[in-house]
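Structure file upload_21.cif with mmCIF, C-alpha atoms:
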data_run
loop_
_atom_site.label_atom_id
_atom_site.label_comp_id
_atom_site.auth_asym_id
_atom_site.auth_seq_id
_atom_site.Cartn_x
_atom_site.Cartn_y
_atom_site.Cartn_z
CA MET A 1 -45.06 -58.33 82.13
CA ASP A 2 -48.53 -57.10 82.95
CA GLY A 3 -49.99 -60.58 83.00
CA ILE A 4 -52.70 -62.57 84.71
CA HIS A 5 -50.24 -63.49 87.49
CA ASP A 6 -50.17 -59.90 88.80
CA MET A 7 -53.30 -60.33 90.88
CA GLY A 8 -52.87 -57.88 93.75
CA GLY A 9 -56.00 -55.76 94.10
CA THR A 10 -57.85 -57.21 91.09
CA GLU A 11 -61.54 -57.76 91.72
CA GLY A 12 -64.30 -60.22 91.08
CA TRP A 13 -62.73 -63.40 92.46
CA GLY A 14 -65.29 -64.13 95.15
CA THR A 15 -64.39 -65.56 98.51
CA VAL A 16 -61.77 -67.97 99.84
CA SER A 17 -62.58 -71.18 101.61
CA ILE A 18 -60.20 -73.23 103.70
CA ASP A 19 -60.23 -77.01 103.32
CA PRO A 20 -59.14 -78.24 106.77
CA ASP A 21 -58.38 -81.72 105.40
CA GLU A 22 -56.36 -80.59 102.41
CA PRO A 23 -53.69 -83.07 101.37
CA VAL A 24 -50.27 -81.80 100.25
CA PHE A 25 -51.17 -82.99 96.75
CA TYR A 26 -54.76 -83.69 95.69
CA GLU A 27 -53.68 -85.80 92.70
CA PRO A 28 -50.56 -87.87 92.00
CA TRP A 29 -49.86 -85.75 88.90
CA GLU A 30 -49.60 -82.64 91.11
CA ALA A 31 -46.82 -84.28 93.09
CA LYS A 32 -45.01 -85.13 89.85
CA ALA A 33 -45.46 -81.58 88.56
CA PHE A 34 -44.00 -80.25 91.79
CA ALA A 35 -40.96 -82.52 91.56
CA PHE A 36 -40.32 -81.68 87.89
CA GLY A 37 -40.71 -78.00 88.75
CA ALA A 38 -38.23 -78.28 91.60
CA LEU A 39 -35.71 -79.73 89.12
CA SER A 40 -36.67 -77.54 86.16
CA ALA A 41 -34.04 -74.81 86.51
CA ARG A 42 -31.30 -77.44 86.60
CA LEU A 43 -32.78 -79.45 83.71
CA SER A 44 -33.12 -76.37 81.52
CA GLY A 45 -29.90 -74.62 82.57
CA THR A 46 -31.85 -71.63 83.86
CA ASN A 47 -32.73 -70.19 87.27
CA LEU A 48 -35.53 -69.51 89.73
CA ASP A 49 -36.42 -66.15 88.17
CA ALA A 50 -36.66 -67.70 84.72
CA MET A 51 -38.92 -70.33 86.24
CA ARG A 52 -41.22 -67.70 87.75
CA HIS A 53 -41.28 -65.89 84.43
CA ALA A 54 -42.19 -69.12 82.66
CA ILE A 55 -45.18 -69.38 85.03
CA ASP A 56 -46.14 -65.76 84.31
CA ARG A 57 -46.01 -66.57 80.58
CA GLN A 58 -48.60 -69.35 80.71
CA HIS A 59 -51.61 -68.39 78.65
CA PRO A 60 -54.01 -66.47 80.94
CA TYR A 61 -56.76 -68.98 80.28
CA ASP A 62 -54.51 -71.91 81.16
CA TYR A 63 -53.05 -70.02 84.14
CA LEU A 64 -56.47 -69.97 85.78
CA VAL A 65 -57.85 -73.28 84.60
CA ASP A 66 -54.72 -75.33 85.30
CA GLY A 67 -54.29 -74.23 88.90
CA TYR A 68 -51.04 -74.02 90.80
CA TYR A 69 -49.42 -77.33 89.89
CA GLY A 70 -50.83 -77.20 86.38
CA ARG A 71 -48.91 -73.96 85.99
CA TRP A 72 -45.79 -75.67 87.28
CA LEU A 73 -46.24 -78.36 84.68
CA GLY A 74 -46.68 -75.73 81.98
CA CYS A 75 -43.65 -73.80 83.15
CA VAL A 76 -41.41 -76.88 83.10
CA GLU A 77 -42.47 -77.53 79.53
CA THR A 78 -41.86 -73.89 78.58
CA LEU A 79 -38.37 -73.87 80.12
CA LEU A 80 -37.39 -77.16 78.48
CA VAL A 81 -38.65 -76.04 75.08
CA ASP A 82 -36.90 -72.67 75.43
CA SER A 83 -33.64 -74.50 76.20
CA GLY A 84 -34.08 -76.96 73.35
CA VAL A 85 -34.22 -79.95 75.67
CA LEU A 86 -37.69 -80.76 74.31
CA ALA A 87 -39.14 -79.95 70.92
CA PRO A 88 -42.14 -77.60 70.79
CA GLY A 89 -45.23 -79.79 70.96
CA ALA A 90 -43.31 -82.83 72.24
CA VAL A 91 -45.29 -83.13 75.46
CA GLU A 92 -48.64 -82.78 73.72
CA ALA A 93 -47.66 -85.31 71.05
CA ARG A 94 -46.50 -87.81 73.67
CA ALA A 95 -49.66 -87.26 75.71
CA ARG A 96 -51.87 -87.88 72.66
CA LYS A 97 -49.87 -91.00 71.87
CA LEU A 98 -50.35 -92.18 75.46
CA ARG A 99 -54.11 -91.86 75.04
CA GLY A 100 -54.02 -93.93 71.89
CA GLU A 101 -53.96 -91.33 69.14
CA ASP A 102 -51.86 -91.93 66.06
CA VAL A 103 -49.42 -89.01 66.15
CA THR A 104 -45.96 -88.36 64.82
CA GLU A 105 -43.71 -87.11 67.58
CA PRO A 106 -41.24 -84.32 66.79
CA PRO A 107 -37.58 -85.34 66.82
CA THR A 108 -35.54 -84.53 69.94
CA PRO A 109 -33.76 -81.22 69.28
CA THR A 110 -30.18 -80.25 70.08
CA PRO A 111 -30.25 -78.39 73.40
CA HIS A 112 -29.39 -74.71 73.32
CA LYS A 113 -29.39 -73.80 76.97
CA PRO A 114 -28.80 -70.14 77.83
CA ASP A 115 -25.29 -68.86 78.33
CA TYR A 116 -25.79 -68.56 82.04
CA GLN A 117 -23.74 -69.22 85.16
CA PRO A 118 -24.76 -67.94 88.61
CA THR A 119 -22.04 -66.17 90.60
CA GLY A 120 -23.20 -67.94 93.76
CA PRO A 121 -25.92 -70.12 95.23
CA GLY A 122 -29.44 -68.79 95.71
CA SER A 123 -30.47 -65.18 95.15
CA LEU A 124 -28.78 -63.27 97.99
CA ARG A 125 -25.54 -61.48 97.16
CA ALA A 126 -23.09 -59.19 98.93
CA VAL A 127 -23.14 -55.64 97.54
CA ASP A 128 -20.35 -53.18 98.32
CA THR A 129 -22.18 -49.93 97.71
CA PRO A 130 -24.19 -48.45 100.60
CA PRO A 131 -27.97 -48.65 100.27
CA ARG A 132 -29.48 -45.64 98.50
CA PHE A 133 -32.31 -45.35 101.03
CA GLY A 134 -32.52 -45.72 104.79
CA VAL A 135 -35.32 -46.54 107.19
CA GLY A 136 -37.79 -43.67 107.28
CA ASP A 137 -37.03 -42.40 103.77
CA ARG A 138 -40.00 -41.59 101.57
CA VAL A 139 -39.83 -43.35 98.21
CA ARG A 140 -41.99 -43.82 95.16
CA ALA A 141 -42.39 -47.02 93.16
CA LYS A 142 -41.59 -46.28 89.54
CA GLU A 143 -44.11 -46.66 86.73
CA HIS A 144 -42.01 -49.56 85.53
CA ALA A 145 -43.91 -51.91 83.23
CA PRO A 146 -41.45 -54.05 81.26
CA SER A 147 -42.74 -56.72 78.89
CA GLY A 148 -40.31 -59.15 80.52
CA HIS A 149 -40.15 -60.40 84.08
CA THR A 150 -40.52 -58.08 87.05
CA ARG A 151 -41.42 -58.34 90.70
CA LEU A 152 -42.91 -54.87 90.85
CA PRO A 153 -46.66 -55.43 90.89
CA ARG A 154 -49.00 -53.00 89.23
CA TYR A 155 -50.85 -52.06 92.40
CA VAL A 156 -47.86 -50.27 93.95
CA ARG A 157 -46.52 -48.58 90.81
CA GLY A 158 -46.54 -44.80 91.06
CA HIS A 159 -47.36 -44.85 94.76
CA GLU A 160 -45.40 -43.40 97.64
CA GLY A 161 -44.37 -45.22 100.77
CA THR A 162 -41.82 -45.33 103.56
CA VAL A 163 -38.78 -47.58 103.81
CA VAL A 164 -39.17 -49.72 106.92
CA ALA A 165 -36.19 -52.06 106.46
CA VAL A 166 -33.16 -52.58 104.27
CA GLN A 167 -33.31 -56.23 103.23
CA PRO A 168 -30.42 -58.42 102.12
CA ALA A 169 -29.16 -57.51 98.64
CA GLN A 170 -30.42 -59.84 95.90
CA VAL A 171 -30.09 -60.53 92.21
CA LEU A 172 -32.53 -58.46 90.14
CA PRO A 173 -35.29 -60.73 88.80
CA ASP A 174 -35.89 -58.43 85.81
CA THR A 175 -32.49 -59.16 84.26
CA HIS A 176 -31.70 -62.48 85.95
CA ALA A 177 -34.81 -64.13 84.50
CA HIS A 178 -33.56 -63.23 81.02
CA PHE A 179 -29.88 -64.17 81.61
CA LYS A 180 -28.88 -60.53 81.23
CA GLY A 181 -26.87 -60.33 84.42
CA GLU A 182 -27.51 -60.71 88.11
CA ASN A 183 -27.48 -56.95 88.80
CA ALA A 184 -27.29 -57.67 92.54
CA GLN A 185 -28.73 -54.71 94.43
CA HIS A 186 -30.24 -53.58 97.66
CA VAL A 187 -33.84 -54.42 98.41
CA PHE A 188 -36.05 -52.26 100.59
CA ALA A 189 -39.16 -53.18 102.56
CA VAL A 190 -41.52 -50.33 101.74
CA LYS A 191 -44.70 -49.66 103.69
CA PHE A 192 -47.68 -48.11 101.92
CA ASP A 193 -50.82 -46.76 103.55
CA SER A 194 -53.94 -48.38 102.16
CA ASP A 195 -55.49 -45.06 101.14
CA GLU A 196 -52.37 -44.28 99.09
CA LEU A 197 -52.92 -47.52 97.17
CA TRP A 198 -56.70 -47.66 97.00
CA GLY A 199 -57.88 -44.13 97.57
CA GLU A 200 -60.12 -42.50 100.07
CA GLY A 201 -62.49 -44.87 101.81
CA ALA A 202 -60.08 -47.81 101.66
CA GLU A 203 -60.00 -50.19 104.61
CA PRO A 204 -57.33 -48.85 106.97
CA PHE A 205 -54.22 -51.08 106.95
CA ALA A 206 -50.56 -51.01 106.03
CA LEU A 207 -49.08 -52.93 103.11
CA THR A 208 -45.38 -53.76 103.17
CA ILE A 209 -43.62 -55.11 100.10
CA ASP A 210 -39.96 -55.75 99.24
CA LEU A 211 -38.87 -53.58 96.33
CA TYR A 212 -35.55 -53.75 94.49
CA ASP A 213 -33.46 -50.57 94.18
CA ASP A 214 -34.20 -50.34 90.44
CA TYR A 215 -37.93 -50.08 91.18
CA LEU A 216 -37.63 -47.03 93.41
CA GLU A 217 -37.04 -43.30 93.25
CA THR A 218 -36.99 -40.65 95.92
CA ALA A 219 -40.50 -39.37 96.58
CA PRO A 220 -40.87 -35.88 95.12
CA MET B 1 -38.15 -67.18 73.84
CA THR B 2 -40.85 -69.57 72.76
CA ALA B 3 -44.26 -69.26 74.33
CA ILE B 4 -46.42 -72.32 74.20
CA PRO B 5 -49.84 -71.16 73.00
CA HIS B 6 -53.01 -72.23 74.57
CA ALA B 7 -54.57 -75.06 72.64
CA PRO B 8 -58.15 -76.24 72.95
CA ASN B 9 -58.83 -79.92 73.67
CA ARG B 10 -55.33 -80.47 74.86
CA PRO B 11 -54.65 -83.56 76.96
CA ASP B 12 -55.40 -83.13 80.66
CA ALA B 13 -52.77 -82.39 83.28
CA ALA B 14 -52.39 -85.98 84.47
CA LEU B 15 -51.67 -87.14 80.94
CA ARG B 16 -49.31 -84.25 80.23
CA ALA B 17 -47.41 -84.99 83.46
CA GLU B 18 -47.09 -88.61 82.39
CA ALA B 19 -45.94 -87.52 78.93
CA LEU B 20 -43.35 -85.14 80.35
CA GLU B 21 -42.09 -87.82 82.69
CA SER B 22 -41.72 -90.35 79.90
CA LEU B 23 -39.81 -87.85 77.72
CA LEU B 24 -37.44 -86.94 80.55
CA LEU B 25 -36.89 -90.57 81.50
CA GLU B 26 -36.23 -91.47 77.88
CA GLN B 27 -33.47 -88.84 77.73
CA GLY B 28 -32.09 -89.99 81.06
CA LEU B 29 -32.62 -86.54 82.55
CA ILE B 30 -34.46 -87.55 85.69
CA ASP B 31 -33.96 -90.28 88.23
CA PRO B 32 -37.25 -91.76 89.53
CA LYS B 33 -35.64 -92.13 92.96
CA VAL B 34 -34.95 -88.38 93.09
CA ILE B 35 -38.52 -87.61 92.01
CA ASP B 36 -39.99 -89.93 94.64
CA GLY B 37 -37.63 -88.53 97.28
CA LEU B 38 -38.68 -84.95 96.59
CA ILE B 39 -42.37 -85.86 96.75
CA ARG B 40 -41.91 -87.87 99.95
CA THR B 41 -39.96 -85.05 101.61
CA TYR B 42 -42.71 -82.49 101.07
CA GLU B 43 -45.54 -84.94 101.74
CA HIS B 44 -44.15 -86.22 105.02
CA ASP B 45 -41.11 -84.37 106.38
CA VAL B 46 -41.39 -80.66 105.67
CA GLY B 47 -44.62 -79.11 106.88
CA PRO B 48 -46.28 -76.82 109.44
CA LEU B 49 -44.99 -78.95 112.32
CA ASN B 50 -41.62 -77.30 111.75
CA GLY B 51 -43.09 -73.84 112.16
CA ALA B 52 -45.07 -74.97 115.21
CA LYS B 53 -41.84 -76.11 116.89
CA VAL B 54 -40.31 -72.69 116.28
CA VAL B 55 -43.37 -70.89 117.68
CA ALA B 56 -43.58 -73.12 120.78
CA ARG B 57 -39.91 -72.50 121.49
CA ALA B 58 -40.35 -68.74 121.08
CA TRP B 59 -43.32 -68.79 123.48
CA THR B 60 -41.40 -70.65 126.18
CA ASP B 61 -37.85 -69.35 125.78
CA PRO B 62 -37.55 -65.54 125.79
CA GLU B 63 -33.93 -65.63 124.65
CA TYR B 64 -34.85 -67.80 121.69
CA LYS B 65 -37.67 -65.42 120.81
CA GLU B 66 -35.24 -62.52 120.85
CA ARG B 67 -32.91 -64.38 118.47
CA LEU B 68 -35.84 -65.37 116.25
CA LEU B 69 -37.05 -61.80 115.84
CA ALA B 70 -33.51 -60.48 115.31
CA ASP B 71 -32.34 -63.10 112.80
CA GLY B 72 -35.08 -65.49 111.75
CA THR B 73 -32.94 -67.46 109.31
CA ALA B 74 -30.30 -68.27 111.96
CA ALA B 75 -32.84 -68.98 114.69
CA VAL B 76 -34.89 -71.46 112.63
CA GLY B 77 -31.55 -72.90 111.51
CA GLU B 78 -30.98 -73.97 115.11
CA PHE B 79 -33.66 -76.61 114.43
CA GLY B 80 -32.03 -77.50 111.12
CA PHE B 81 -34.87 -75.83 109.18
CA LYS B 82 -33.42 -74.52 105.94
CA GLY B 83 -33.55 -75.23 102.21
CA PRO B 84 -35.45 -74.00 99.16
CA GLN B 85 -37.60 -70.92 99.82
CA GLY B 86 -35.83 -70.37 103.13
CA GLU B 87 -32.88 -68.25 102.07
CA HIS B 88 -33.88 -65.36 104.32
CA ILE B 89 -36.61 -65.77 106.91
CA GLU B 90 -38.09 -62.80 108.68
CA VAL B 91 -40.36 -63.33 111.67
CA ILE B 92 -43.12 -60.81 112.39
CA GLU B 93 -44.87 -60.87 115.74
CA ASN B 94 -48.59 -60.52 116.35
CA SER B 95 -49.81 -58.73 119.46
CA PRO B 96 -53.19 -57.67 120.85
CA SER B 97 -52.88 -54.44 118.85
CA VAL B 98 -51.07 -55.55 115.65
CA HIS B 99 -52.07 -58.40 113.34
CA ASN B 100 -49.74 -59.45 110.52
CA VAL B 101 -50.78 -61.48 107.48
CA VAL B 102 -48.62 -62.74 104.61
CA VAL B 103 -49.32 -63.13 100.89
CA CYS B 104 -47.51 -63.42 97.57
CA THR B 105 -49.62 -61.56 95.03
CA LEU B 106 -47.38 -62.42 92.04
CA CYS B 107 -47.08 -66.19 92.51
CA SER B 108 -47.35 -68.02 95.83
CA CYS B 109 -43.99 -67.60 97.59
CA TYR B 110 -44.15 -69.24 101.00
CA PRO B 111 -41.63 -70.23 103.70
CA TRP B 112 -41.33 -73.89 102.71
CA PRO B 113 -38.80 -74.95 105.37
CA LEU B 114 -41.20 -73.86 108.12
CA LEU B 115 -44.64 -74.53 106.64
CA GLY B 116 -44.14 -76.94 103.73
CA LEU B 117 -45.90 -76.26 100.46
CA PRO B 118 -48.64 -73.62 100.40
CA PRO B 119 -52.28 -74.64 100.90
CA ALA B 120 -54.90 -74.10 98.19
CA TRP B 121 -56.39 -71.00 99.81
CA TYR B 122 -53.00 -69.25 99.81
CA LYS B 123 -52.72 -69.86 96.03
CA ASP B 124 -56.32 -68.86 95.35
CA PRO B 125 -56.67 -65.74 93.16
CA ALA B 126 -59.25 -64.47 95.65
CA TYR B 127 -56.68 -64.53 98.46
CA ARG B 128 -53.83 -63.14 96.36
CA SER B 129 -55.95 -60.26 95.08
CA ARG B 130 -58.07 -59.30 98.06
CA VAL B 131 -55.73 -59.54 101.05
CA VAL B 132 -53.82 -56.49 99.77
CA ARG B 133 -57.04 -54.53 99.16
CA GLU B 134 -59.57 -55.47 101.82
CA PRO B 135 -57.77 -57.66 104.35
CA ARG B 136 -60.18 -57.10 107.23
CA LYS B 137 -63.17 -58.13 105.15
CA LEU B 138 -61.38 -61.13 103.65
CA LEU B 139 -60.02 -62.35 106.99
CA GLY B 140 -63.54 -62.04 108.40
CA GLU B 141 -64.84 -64.24 105.58
CA MET B 142 -62.08 -66.72 106.40
CA GLY B 143 -63.23 -66.84 110.02
CA LEU B 144 -60.91 -64.34 111.64
CA ASP B 145 -62.70 -61.30 113.02
CA LEU B 146 -60.35 -58.55 114.10
CA GLY B 147 -61.53 -55.66 116.23
CA ASP B 148 -61.40 -52.15 114.82
CA ASP B 149 -58.67 -51.35 117.35
CA VAL B 150 -56.35 -53.96 115.79
CA GLU B 151 -53.93 -52.59 113.23
CA ILE B 152 -53.57 -54.87 110.19
CA ARG B 153 -50.22 -55.20 108.48
CA VAL B 154 -50.09 -57.10 105.19
CA TRP B 155 -46.77 -58.38 103.83
CA ASP B 156 -46.43 -59.10 100.09
CA SER B 157 -43.57 -61.58 99.51
CA SER B 158 -42.16 -60.09 96.32
CA SER B 159 -38.43 -60.72 96.91
CA GLU B 160 -36.61 -63.77 98.31
CA VAL B 161 -37.42 -62.68 101.88
CA ARG B 162 -39.94 -65.09 103.37
CA TYR B 163 -42.20 -63.77 106.11
CA PHE B 164 -43.36 -65.96 108.98
CA VAL B 165 -45.92 -64.85 111.56
CA LEU B 166 -45.29 -65.48 115.25
CA PRO B 167 -48.86 -65.78 116.54
CA GLU B 168 -50.00 -64.68 119.99
CA ARG B 169 -49.84 -67.29 122.70
CA PRO B 170 -53.42 -67.93 123.78
CA ALA B 171 -54.54 -67.23 127.33
CA GLY B 172 -54.84 -70.26 129.56
CA THR B 173 -51.71 -71.98 128.28
CA ASP B 174 -49.29 -70.78 130.98
CA GLY B 175 -49.01 -74.24 132.48
CA LEU B 176 -48.27 -75.97 129.17
CA SER B 177 -44.81 -77.13 128.16
CA GLU B 178 -43.17 -76.51 124.81
CA GLU B 179 -44.12 -80.05 123.75
CA GLU B 180 -47.73 -79.55 124.81
CA LEU B 181 -48.01 -76.26 122.94
CA ILE B 182 -46.80 -77.61 119.58
CA PRO B 183 -50.03 -79.40 118.56
CA LEU B 184 -52.09 -76.27 119.28
CA ILE B 185 -50.24 -74.17 116.70
CA THR B 186 -51.84 -74.12 113.27
CA ARG B 187 -50.47 -73.34 109.83
CA ASP B 188 -53.14 -70.69 109.32
CA ALA B 189 -52.02 -68.81 112.45
CA MET B 190 -48.43 -68.81 111.16
CA VAL B 191 -49.53 -67.16 107.90
CA GLY B 192 -51.82 -64.76 109.74
CA VAL B 193 -55.29 -65.86 108.64
CA GLY B 194 -56.12 -67.44 111.99
CA ARG B 195 -55.36 -67.32 115.69
CA VAL B 196 -54.08 -70.08 117.92
CA ALA B 197 -57.16 -71.15 119.84
CA ASN B 198 -57.32 -71.57 123.56
CA PRO B 199 -57.23 -75.35 124.21
CA ALA B 200 -59.95 -75.16 126.89
#
Translate the structure of the given file into structure tokens.
Amino acid sequence: MDGIHDMGGTEGWGTVSIDPDEPVFYEPWEAKAFAFGALSARLSGTNLDAMRHAIDRQHPYDYLVDGYYGRWLGCVETLLVDSGVLAPGAVEARARKLRGEDVTEPPTPTPHKPDYQPTGPGSLRAVDTPPRFGVGDRVRAKEHAPSGHTRLPRYVRGHEGTVVAVQPAQVLPDTHAHFKGENAQHVFAVKFDSDELWGEGAEPFALTIDLYDDYLETAP
Amino acid sequence: MTAIPHAPNRPDAALRAEALESLLLEQGLIDPKVIDGLIRTYEHDVGPLNGAKVVARAWTDPEYKERLLADGTAAVGEFGFKGPQGEHIEVIENSPSVHNVVVCTLCSCYPWPLLGLPPAWYKDPAYRSRVVREPRKLLGEMGLDLGDDVEIRVWDSSSEVRYFVLPERPAGTDGLSEEELIPLITRDAMVGVGRVANPA
């Protein structure tokens, strides 16, 4: 989806500062959100790609205001509600109750986890077919803009680059996040020149990104 | 799928985390010991010290460095470094003429087994957006000035491959042992937004 999460090349964010004394977690709730997030795929009967998509689906306003672990918290809630482990609004109702409001909490629903079983651990898979592209091949990132999950960011779509490595084959996030099959396929590290991405006058540098076979076509 | 809409005046994150925890505990879905264990692991055990050990070994053992660059996952596995976000590690080497820097523009993918959880700057929209558009300017703002003769290579972690930068060994460290080198090696150098400073 073309959401707030797809930040590559967007402008207006200002500068970055490094906090040399940064703790792993600034607040105890961040640590909890991290732990719930780490367990969320198991608790909801989903997977890592579904989790990333649940983060992408946080409301753009919340995505920015909540920060990294706030998004994790939101994504855990989204996954658990999607799987019927929690009722919609259950977290908010409980939170309001905890702060002393008189609220009626929704009843616990019957879970309806997705019909999903991974064929193996993690995301890497063996693929029998030979890779479609080799190192040195010129490729173009498709103008692929699904409303669901994808790992093809907007800033490379439609642009041409060169394959610099054939990466291990992996499940395709676009279908895996939606429990529509693993579609394990080859992944290619593709190098783009900065002026191809950002036009004449761009800072000179090379950008390399891993792109799944489905995202690519031979450069015309 | 159900999207949870943004609601104004919603309870703050700390309260929502507490609410979520109480709901999950009530259903018997989480074990507080597991939660505490996960938090403790990433607060105390898994962090940039792991990556620093790998870098110090690569600087002092040419055969190890060769293995690390050829098969990062296996070479860091020699230290026992593996786990979530470490399924496939690729090590990219900085040199006087090439500087590598890593980002995840779509979320904040990061090589947890080697560096722990990502720092705030890595997750900052400003970093995620600008390092793929004006890396030299951004790195300069972050305190790393690269000469015009240095080629910048930016790596966007969009698949399950996790990139790890092998920084340059600073001059003046020839006499130092692997153990003595470890504390010099910073997280920021292993992501590519800093250099390892000369200890002198």
Quick one: residues within 10 Å of B:Leu114, all atoms listed in the file counted, chain neighbours fewer than 5 positions away excluded, as a CSV table (one decimal) with C-alpha atoms, keeping the file's coordinate frame?
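Produced file part24.csv, reproduced below:
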chain,number,residue,atom,x,y,z
B,46,VAL,CA,-41.4,-80.7,105.7
B,47,GLY,CA,-44.6,-79.1,106.9
B,48,PRO,CA,-46.3,-76.8,109.4
B,49,LEU,CA,-45.0,-79.0,112.3
B,50,ASN,CA,-41.6,-77.3,111.8
B,51,GLY,CA,-43.1,-73.8,112.2
B,52,ALA,CA,-45.1,-75.0,115.2
B,53,LYS,CA,-41.8,-76.1,116.9
B,54,VAL,CA,-40.3,-72.7,116.3
B,76,VAL,CA,-34.9,-71.5,112.6
B,81,PHE,CA,-34.9,-75.8,109.2
B,82,LYS,CA,-33.4,-74.5,105.9
B,83,GLY,CA,-33.6,-75.2,102.2
B,85,GLN,CA,-37.6,-70.9,99.8
B,86,GLY,CA,-35.8,-70.4,103.1
B,89,ILE,CA,-36.6,-65.8,106.9
B,164,PHE,CA,-43.4,-66.0,109.0
B,187,ARG,CA,-50.5,-73.3,109.8
B,190,MET,CA,-48.4,-68.8,111.2
request  = Output the residue selection produced by the PyMOL selection byres ((chain B) within 7 of (chain A)) on the file above, formatted as a ChimeraX atom specification.
outcome  = /B:1-6,11,13-17,19-20,35,38-39,43,105-107,121,123,125-130,132-134,142,151-159
B:Ser95 environment, 12 Å, all atoms listed in the file, sequence neighbours closer than 5 positions dropped, as a short mmCIF file (atom, residue, chain, number, x, y, z; two decimals) with C-alpha atoms, in the frame of the given file:
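Written file, out_5.cif:
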data_model
loop_
_atom_site.label_atom_id
_atom_site.label_comp_id
_atom_site.auth_asym_id
_atom_site.auth_seq_id
_atom_site.Cartn_x
_atom_site.Cartn_y
_atom_site.Cartn_z
CA ASN B 100 -49.74 -59.45 110.52
CA LEU B 146 -60.35 -58.55 114.10
CA ASP B 149 -58.67 -51.35 117.35
CA VAL B 150 -56.35 -53.96 115.79
CA GLU B 151 -53.93 -52.59 113.23
CA ILE B 152 -53.57 -54.87 110.19
CA ARG B 153 -50.22 -55.20 108.48
CA VAL B 165 -45.92 -64.85 111.56
CA LEU B 166 -45.29 -65.48 115.25
CA PRO B 167 -48.86 -65.78 116.54
CA GLU B 168 -50.00 -64.68 119.99
CA ARG B 169 -49.84 -67.29 122.70
CA PRO B 170 -53.42 -67.93 123.78
CA GLY B 192 -51.82 -64.76 109.74
CA ARG B 195 -55.36 -67.32 115.69
#
task = Work out how far atom CA of A:Thr162 is from atom CA of B:Gly147, in Å to one decimal.
result =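 These two atoms are separated by 25.6 Å.
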message = Counting all atoms listed in the file, I want the residues whose atoms come within 9 Å of (-33.7, -72.0, 117.6) in the file frame, returned as a count of residues only.
response = 15
message = When you look at A:Ala41 with a cut-off of 8 Å (counting all atoms listed in the file), what residues show up, excluding the ones that are within fewer than 4 positions of it in the same chain? I need them as JSON, numbers by chain.
response = {"A": [37, 45, 46, 47, 48, 50, 51, 79]}
ask   = To one decimal place, how far is atom CA of B:Glu21 from atom CA of A:Pro114 in Å?
value =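 So the two atoms, atom CA of B:Glu21 and atom CA of A:Pro114, lie 22.6 Å apart.
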query = Closest to B:Ser97 among B:Gly140, B:Asp148, B:Glu18, B:Pro84, using only C-alpha atoms?
reply =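 Checking each candidate against B:Ser97, we get B:Asp148 as the closest.
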request  = List every protein, DNA or RNA residue with an atom no more than 9 Å from (-25.3, -58.3, 89.7) in the file's coordinates, counting all atoms listed in the file, and format the result as a list in words.
outcome  =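 The distance filter leaves exactly Thr119, Arg125, Val127, Gln170, Val171, Leu172, His176, Gly181, Glu182, Asn183, Ala184 and Gln185 of chain A.
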task = Could you please determine the separation between atom CA of B:Glu160 and atom CA of A:Gly134 in Å, to one decimal place?
result = 19.6 Å
request  = Select, from A:Gln117, A:Ser40, A:Thr129, A:Thr175, the residue with the minimum atom-to-atom distance to A:His149, counting all atoms listed in the file.
outcome  =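 Ranked by minimum distance to A:His149, first place goes to A:Thr175.
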request  = Measuring atom to atom with all atoms listed in the file, identify which of A:Val139, A:Val164, A:Ala145, A:Ala177 is nearest to A:Leu216.
outcome  =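 Looking at the shortest contact to A:Leu216, the residue is A:Val139.
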ask   = Where does the PyMOL selection byres ((chain B and resi 197) around 9) land in this file, that is, which residues does it pick, as a VMD selection string?
value = chain B and resid 169 to 171 184 to 186 194 to 196 198 to 200
Limited to C-alpha atoms, could you put the picked residues into a file as a compact mmCIF listing (two decimals), keeping the file's coordinate frame?
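New file out-v3.txt:
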# COMPACT_ATOMS: atom_id res chain seq x y z
CA ARG B 169 -49.84 -67.29 122.70
CA PRO B 170 -53.42 -67.93 123.78
CA ALA B 171 -54.54 -67.23 127.33
CA LEU B 184 -52.09 -76.27 119.28
CA ILE B 185 -50.24 -74.17 116.70
CA THR B 186 -51.84 -74.12 113.27
CA GLY B 194 -56.12 -67.44 111.99
CA ARG B 195 -55.36 -67.32 115.69
CA VAL B 196 -54.08 -70.08 117.92
CA ASN B 198 -57.32 -71.57 123.56
CA PRO B 199 -57.23 -75.35 124.21
CA ALA B 200 -59.95 -75.16 126.89
Quick one: stretch 168-173 of chain B with N, CA and C atoms, as an mmCIF file, in the coordinates of the input?
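Here's the written file selection-v2.cif:
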data_model
loop_
_atom_site.group_PDB
_atom_site.id
_atom_site.type_symbol
_atom_site.label_atom_id
_atom_site.label_comp_id
_atom_site.auth_asym_id
_atom_site.auth_seq_id
_atom_site.Cartn_x
_atom_site.Cartn_y
_atom_site.Cartn_z
ATOM 1 N N GLU B 168 -49.892 -64.913 118.545
ATOM 2 C CA GLU B 168 -50.000 -64.680 119.990
ATOM 3 C C GLU B 168 -50.231 -66.005 120.717
ATOM 4 N N ARG B 169 -49.595 -66.119 121.861
ATOM 5 C CA ARG B 169 -49.840 -67.290 122.700
ATOM 6 C C ARG B 169 -51.207 -67.121 123.357
ATOM 7 N N PRO B 170 -52.080 -68.125 123.226
ATOM 8 C CA PRO B 170 -53.420 -67.930 123.780
ATOM 9 C C PRO B 170 -53.413 -67.930 125.309
ATOM 10 N N ALA B 171 -54.384 -67.234 125.873
ATOM 11 C CA ALA B 171 -54.540 -67.230 127.330
ATOM 12 C C ALA B 171 -54.854 -68.653 127.788
ATOM 13 N N GLY B 172 -54.507 -68.945 128.998
ATOM 14 C CA GLY B 172 -54.840 -70.260 129.560
ATOM 15 C C GLY B 172 -53.844 -71.338 129.207
ATOM 16 N N THR B 173 -52.694 -70.959 128.661
ATOM 17 C CA THR B 173 -51.710 -71.980 128.280
ATOM 18 C C THR B 173 -50.431 -71.844 129.107
#
